[in-house]
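Asks: Next up, work-v1.pdb (PDB, C-alpha atoms).
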```pdb
ATOM      1  CA  MET A 103      80.239 109.602  86.948
ATOM      2  CA  ILE A 104      78.250 112.065  89.009
ATOM      3  CA  ALA A 105      80.233 112.733  92.194
ATOM      4  CA  LYS A 106      78.769 111.299  95.409
ATOM      5  CA  THR A 107      79.066 114.327  97.642
ATOM      6  CA  PRO A 108      77.903 114.716 101.272
ATOM      7  CA  GLU A 109      75.105 116.946 102.524
ATOM      8  CA  PRO A 110      75.844 120.647 101.860
ATOM      9  CA  PRO A 111      77.542 122.877 102.746
ATOM     10  CA  TYR A 112      80.759 121.910 100.994
ATOM     11  CA  TYR A 113      82.907 123.571  98.324
ATOM     12  CA  ALA A 114      83.279 123.290  94.551
ATOM     13  CA  VAL A 115      86.052 124.514  92.266
ATOM     14  CA  ILE A 116      84.740 124.994  88.738
ATOM     15  CA  PHE A 117      87.641 124.902  86.288
ATOM     16  CA  THR A 118      86.694 125.798  82.699
ATOM     17  CA  THR A 119      89.269 125.670  79.896
ATOM     18  CA  VAL A 120      89.740 126.109  76.168
ATOM     19  CA  LEU A 121      92.730 124.172  74.846
ATOM     20  CA  SER A 122      95.347 125.713  72.576
ATOM     21  CA  ASP A 123      96.739 124.004  69.474
ATOM     22  CA  ASP A 124      99.731 122.764  71.487
ATOM     23  CA  ILE A 125      98.426 119.955  73.712
ATOM     24  CA  LYS A 126     101.529 117.750  73.730
ATOM     25  CA  GLY A 127     101.745 116.185  77.201
ATOM     26  CA  TYR A 128      98.337 117.497  78.267
ATOM     27  CA  ALA A 129      96.517 114.137  78.514
ATOM     28  CA  GLU A 130      99.303 112.579  80.598
ATOM     29  CA  MET A 131      99.353 115.548  82.966
ATOM     30  CA  SER A 132      95.577 115.452  83.265
ATOM     31  CA  ASP A 133      95.627 111.760  84.221
ATOM     32  CA  ARG A 134      98.389 112.403  86.772
ATOM     33  CA  MET A 135      96.453 115.252  88.351
ATOM     34  CA  VAL A 136      93.420 112.980  88.790
ATOM     35  CA  GLU A 137      95.607 110.459  90.604
ATOM     36  CA  PHE A 138      97.117 113.160  92.842
ATOM     37  CA  VAL A 139      93.867 114.947  93.640
ATOM     38  CA  LYS A 140      92.233 111.714  94.792
ATOM     39  CA  MET A 141      94.880 111.435  97.505
ATOM     40  CA  GLN A 142      94.323 114.989  98.787
ATOM     41  CA  GLU A 143      92.885 115.475 102.252
ATOM     42  CA  GLY A 144      89.384 116.912 102.050
ATOM     43  CA  PHE A 145      88.796 115.903  98.404
ATOM     44  CA  LEU A 146      85.182 114.768  97.951
ATOM     45  CA  GLY A 147      84.982 113.882  94.239
ATOM     46  CA  TYR A 148      85.086 115.359  90.764
ATOM     47  CA  GLU A 149      83.136 115.595  87.514
ATOM     48  CA  SER A 150      84.567 116.303  84.085
ATOM     49  CA  ALA A 151      83.491 116.634  80.428
ATOM     50  CA  ARG A 152      84.988 118.267  77.356
ATOM     51  CA  GLU A 153      83.474 119.378  74.045
ATOM     52  CA  GLU A 154      84.097 122.908  72.735
ATOM     53  CA  ILE A 155      85.174 123.771  76.279
ATOM     54  CA  GLY A 156      86.367 121.540  79.089
ATOM     55  CA  ILE A 157      84.681 121.672  82.482
ATOM     56  CA  THR A 158      86.193 119.998  85.530
ATOM     57  CA  ILE A 159      84.573 120.439  88.912
ATOM     58  CA  SER A 160      86.306 119.234  92.063
ATOM     59  CA  TYR A 161      84.463 119.073  95.389
ATOM     60  CA  TRP A 162      86.074 119.801  98.752
ATOM     61  CA  ASP A 163      85.304 119.834 102.448
ATOM     62  CA  SER A 164      86.814 123.278 103.106
ATOM     63  CA  LEU A 165      88.651 126.277 101.656
ATOM     64  CA  GLU A 166      91.743 125.067 103.529
ATOM     65  CA  SER A 167      91.750 121.820 101.539
ATOM     66  CA  ILE A 168      91.377 123.789  98.288
ATOM     67  CA  ALA A 169      94.344 125.989  99.258
ATOM     68  CA  LYS A 170      96.495 122.934 100.036
ATOM     69  CA  TRP A 171      95.714 121.416  96.638
ATOM     70  CA  ARG A 172      96.449 124.748  94.967
ATOM     71  CA  ASN A 173      99.902 124.725  96.582
ATOM     72  CA  HIS A 174     100.642 121.046  95.823
ATOM     73  CA  SER A 175     104.004 121.034  94.009
ATOM     74  CA  GLU A 176     102.981 118.807  91.067
ATOM     75  CA  HIS A 177      99.740 120.734  90.683
ATOM     76  CA  THR A 178     101.664 124.012  90.600
ATOM     77  CA  ILE A 179     103.938 122.725  87.822
ATOM     78  CA  ALA A 180     100.898 121.497  85.843
ATOM     79  CA  ARG A 181      99.118 124.831  86.284
ATOM     80  CA  GLU A 182     102.138 126.770  85.035
ATOM     81  CA  LYS A 183     102.453 124.536  81.964
ATOM     82  CA  GLY A 184      98.724 124.928  81.381
ATOM     83  CA  ILE A 185      98.983 128.707  81.447
ATOM     84  CA  SER A 186     102.098 128.865  79.263
ATOM     85  CA  ARG A 187     101.165 126.169  76.759
ATOM     86  CA  TRP A 188      97.998 124.065  76.895
ATOM     87  CA  TYR A 189      95.211 126.569  77.580
ATOM     88  CA  SER A 190      94.210 129.407  75.296
ATOM     89  CA  SER A 191      91.872 130.541  78.063
ATOM     90  CA  PHE A 192      90.684 129.323  81.446
ATOM     91  CA  LYS A 193      88.585 130.361  84.396
ATOM     92  CA  THR A 194      88.634 129.037  87.959
ATOM     93  CA  ARG A 195      85.675 129.706  90.233
ATOM     94  CA  VAL A 196      85.668 128.797  93.924
ATOM     95  CA  CYS A 197      82.146 128.231  95.197
ATOM     96  CA  LYS A 198      80.285 127.235  98.326
ATOM     97  CA  VAL A 199      77.622 124.620  97.565
ATOM     98  CA  GLU A 200      74.601 125.716  99.580
ATOM     99  CA  ARG A 201      72.075 123.048  98.579
ATOM    100  CA  ASP A 202      71.670 120.141  96.194
ATOM    101  CA  ASN A 203      69.169 117.577  94.994
ATOM    102  CA  GLY A 204      69.020 114.781  92.466
ATOM    103  CA  PHE A 205      68.260 111.152  91.875
ATOM    104  CA  VAL A 206      69.712 107.942  90.473
ATOM    105  CA  LYS A 207      67.173 105.803  88.657
ATOM    106  CA  GLU A 208      66.999 102.179  89.726
ATOM    107  CA  VAL A 209      67.871  99.936  86.767
TER     108      VAL A 209
ATOM    109  CA  MET B 493      82.601 129.472  75.394
ATOM    110  CA  ILE B 494      83.734 130.364  78.873
ATOM    111  CA  ALA B 495      81.023 132.536  80.432
ATOM    112  CA  LYS B 496      81.907 136.205  80.952
ATOM    113  CA  THR B 497      80.728 136.660  84.506
ATOM    114  CA  PRO B 498      81.009 139.766  86.707
ATOM    115  CA  GLU B 499      83.138 140.165  89.824
ATOM    116  CA  PRO B 500      82.077 137.720  92.567
ATOM    117  CA  PRO B 501      79.959 137.173  94.514
ATOM    118  CA  TYR B 502      77.357 135.704  92.187
ATOM    119  CA  TYR B 503      75.652 132.316  91.959
ATOM    120  CA  ALA B 504      76.175 129.115  89.958
ATOM    121  CA  VAL B 505      73.829 126.189  89.398
ATOM    122  CA  ILE B 506      75.821 123.068  88.528
ATOM    123  CA  PHE B 507      73.563 120.588  86.719
ATOM    124  CA  THR B 508      75.146 117.178  86.109
ATOM    125  CA  THR B 509      73.309 114.478  84.163
ATOM    126  CA  VAL B 510      73.615 110.969  82.785
ATOM    127  CA  LEU B 511      71.281 110.358  79.848
ATOM    128  CA  SER B 512      69.044 107.300  79.612
ATOM    129  CA  ASP B 513      68.610 105.237  76.424
ATOM    130  CA  ASP B 514      65.443 107.197  75.597
ATOM    131  CA  ILE B 515      66.577 110.645  74.433
ATOM    132  CA  LYS B 516      63.867 111.289  71.848
ATOM    133  CA  GLY B 517      63.120 115.022  71.993
ATOM    134  CA  TYR B 518      66.001 115.768  74.344
ATOM    135  CA  ALA B 519      68.158 117.845  71.952
ATOM    136  CA  GLU B 520      65.197 120.026  70.914
ATOM    137  CA  MET B 521      64.243 120.649  74.536
ATOM    138  CA  SER B 522      67.827 121.459  75.420
ATOM    139  CA  ASP B 523      68.049 124.057  72.624
ATOM    140  CA  ARG B 524      64.731 125.575  73.709
ATOM    141  CA  MET B 525      65.874 125.857  77.316
ATOM    142  CA  VAL B 526      69.004 127.726  76.209
ATOM    143  CA  GLU B 527      66.821 130.222  74.347
ATOM    144  CA  PHE B 528      64.510 130.657  77.359
ATOM    145  CA  VAL B 529      67.232 130.929  79.980
ATOM    146  CA  LYS B 530      68.988 133.697  78.051
ATOM    147  CA  MET B 531      65.858 135.828  78.440
ATOM    148  CA  GLN B 532      65.637 135.310  82.209
ATOM    149  CA  GLU B 533      66.212 138.262  84.496
ATOM    150  CA  GLY B 534      69.455 137.865  86.420
ATOM    151  CA  PHE B 535      70.963 135.274  84.062
ATOM    152  CA  LEU B 536      74.702 135.907  83.652
ATOM    153  CA  GLY B 537      75.834 133.126  81.290
ATOM    154  CA  TYR B 538      76.313 129.382  80.996
ATOM    155  CA  GLU B 539      78.883 126.724  80.183
ATOM    156  CA  SER B 540      78.163 123.212  78.959
ATOM    157  CA  ALA B 541      79.965 120.031  77.859
ATOM    158  CA  ARG B 542      78.991 116.369  77.570
ATOM    159  CA  GLU B 543      81.040 113.181  77.391
ATOM    160  CA  GLU B 544      80.269 110.274  79.734
ATOM    161  CA  ILE B 545      78.319 112.783  81.809
ATOM    162  CA  GLY B 546      76.845 116.125  80.867
ATOM    163  CA  ILE B 547      77.707 119.227  82.876
ATOM    164  CA  THR B 548      75.797 122.475  82.441
ATOM    165  CA  ILE B 549      76.549 125.423  84.698
ATOM    166  CA  SER B 550      74.332 128.500  84.659
ATOM    167  CA  TYR B 551      75.401 131.707  86.409
ATOM    168  CA  TRP B 552      73.011 134.076  88.196
ATOM    169  CA  ASP B 553      72.930 137.346  90.048
ATOM    170  CA  SER B 554      70.857 136.060  92.985
ATOM    171  CA  LEU B 555      69.001 133.126  94.542
ATOM    172  CA  GLU B 556      65.759 134.929  93.635
ATOM    173  CA  SER B 557      66.624 134.762  89.917
ATOM    174  CA  ILE B 558      67.444 131.052  90.266
ATOM    175  CA  ALA B 559      64.083 130.448  91.955
ATOM    176  CA  LYS B 560      62.226 132.287  89.170
ATOM    177  CA  TRP B 561      63.937 130.169  86.512
ATOM    178  CA  ARG B 562      63.166 127.030  88.487
ATOM    179  CA  ASN B 563      59.469 127.979  88.443
ATOM    180  CA  HIS B 564      59.395 128.998  84.753
ATOM    181  CA  SER B 565      56.563 126.983  83.181
ATOM    182  CA  GLU B 566      58.499 125.612  80.177
ATOM    183  CA  HIS B 567      61.456 124.791  82.397
ATOM    184  CA  THR B 568      59.188 122.905  84.776
ATOM    185  CA  ILE B 569      57.792 120.800  81.923
ATOM    186  CA  ALA B 570      61.304 120.086  80.631
ATOM    187  CA  ARG B 571      62.487 119.109  84.123
ATOM    188  CA  GLU B 572      59.603 116.699  84.573
ATOM    189  CA  LYS B 573      60.267 115.049  81.201
ATOM    190  CA  GLY B 574      63.940 114.847  82.093
ATOM    191  CA  ILE B 575      63.192 113.075  85.344
ATOM    192  CA  SER B 576      60.627 110.698  83.844
ATOM    193  CA  ARG B 577      62.439 109.932  80.587
ATOM    194  CA  TRP B 578      65.749 111.472  79.513
ATOM    195  CA  TYR B 579      67.948 111.242  82.602
ATOM    196  CA  SER B 580      69.067 108.043  84.268
ATOM    197  CA  SER B 581      70.546 110.208  87.000
ATOM    198  CA  PHE B 582      71.107 113.878  87.709
ATOM    199  CA  LYS B 583      72.345 116.210  90.387
ATOM    200  CA  THR B 584      71.681 119.926  90.831
ATOM    201  CA  ARG B 585      73.954 121.970  93.083
ATOM    202  CA  VAL B 586      73.256 125.605  93.930
ATOM    203  CA  CYS B 587      76.467 127.465  94.793
ATOM    204  CA  LYS B 588      77.691 130.898  95.739
ATOM    205  CA  VAL B 589      80.787 131.845  93.713
ATOM    206  CA  GLU B 590      83.121 133.461  96.231
ATOM    207  CA  ARG B 591      86.130 134.202  94.025
ATOM    208  CA  ASP B 592      87.439 133.564  90.544
ATOM    209  CA  ASN B 593      90.448 134.096  88.329
ATOM    210  CA  GLY B 594      91.533 133.278  84.809
ATOM    211  CA  PHE B 595      92.876 134.600  81.573
ATOM    212  CA  VAL B 596      92.225 134.733  77.844
ATOM    213  CA  LYS B 597      95.372 134.532  75.744
ATOM    214  CA  GLU B 598      95.799 137.223  73.125
ATOM    215  CA  VAL B 599      95.928 135.606  69.687
TER     216      VAL B 599
END
```
Could you write out this file's structure as structure tokens?

Replies:
Amino acid sequence: MIAKTPEPPYYAVIFTTVLSDDIKGYAEMSDRMVEFVKMQEGFLGYESAREEIGITISYWDSLESIAKWRNHSEHTIAREKGISRWYSSFKTRVCKVERDNGFVKEV
Amino acid sequence: MIAKTPEPPYYAVIFTTVLSDDIKGYAEMSDRMVEFVKMQEGFLGYESAREEIGITISYWDSLESIAKWRNHSEHTIAREKGISRWYSSFKTRVCKVERDNGFVKEV
């Protein structure tokens, strides 16, 4: 689903990953993180797809909300496991969304 | 591949799409756009994945470079076909990347 975000400005965290060969427990953690992030203050939505690389973008009302999610205890544990085990490489980019446009076709 | 981008700040265009049932010609156009965008001045790299939704992120040195790509004649034709035919919905978000971090594991 394309995230229904408010009028800009707001923030986006682009999280790009390549998985390692050892992905035991990864899917369960990923599902748990989705449940947790939805409860975070200032969370506006997310978009995700994986082929050769995985891209997950979360949208936020402020840098403060992003920092709180970064310091969330379960998220910290997941991130450390990701770095030590699940990801062979990753990149996180924190961005300010300055403008947007788009459409949803009527069916 | 995770894009090798320079030190922030730089710009990202997040392009999120849901395909319609009519995707004749879509894959060819998509491949052509990749070839064209790589030749654009100020283009820094891109990342792409599709499952339920497609996410393509292109990275740029400036808003001016993004505007030039937006006005590129072949890109304009592709965008119009996308809107009229290939996409059932899409969203484009223009962002300033303020900071990033990541790692590539040594193999």

Asks: Expand the ChimeraX specification (/B :<9) & /A into the explicit residue set it covers here, and present it as a ChimeraX atom specification.

Replies: /A:103-105,113-114,118-120,149-158,185,189-209

Asks: Would you write out, as JSON, numbers by chain, every residue that the PyMOL selection byres ((chain B and resi 562) around 12) captures in this file?

Replies: {"B": [505, 525, 528, 529, 532, 550, 555, 556, 557, 558, 559, 560, 561, 563, 564, 565, 566, 567, 568, 569, 570, 571, 572, 584, 586]}

Asks: Check which residues satisfy the PyMOL selection byres ((chain A and resi 145) around 7) in the file shown, then give them as a PyMOL selection string.

Replies: chain A and resi 140+142-144+146-147+161-163

Asks: For CA of Asp514 in chain B and CA of Gly574 in chain B, determine how far apart the two atoms are, in Å to one decimal place.

Replies: 10.1 Å
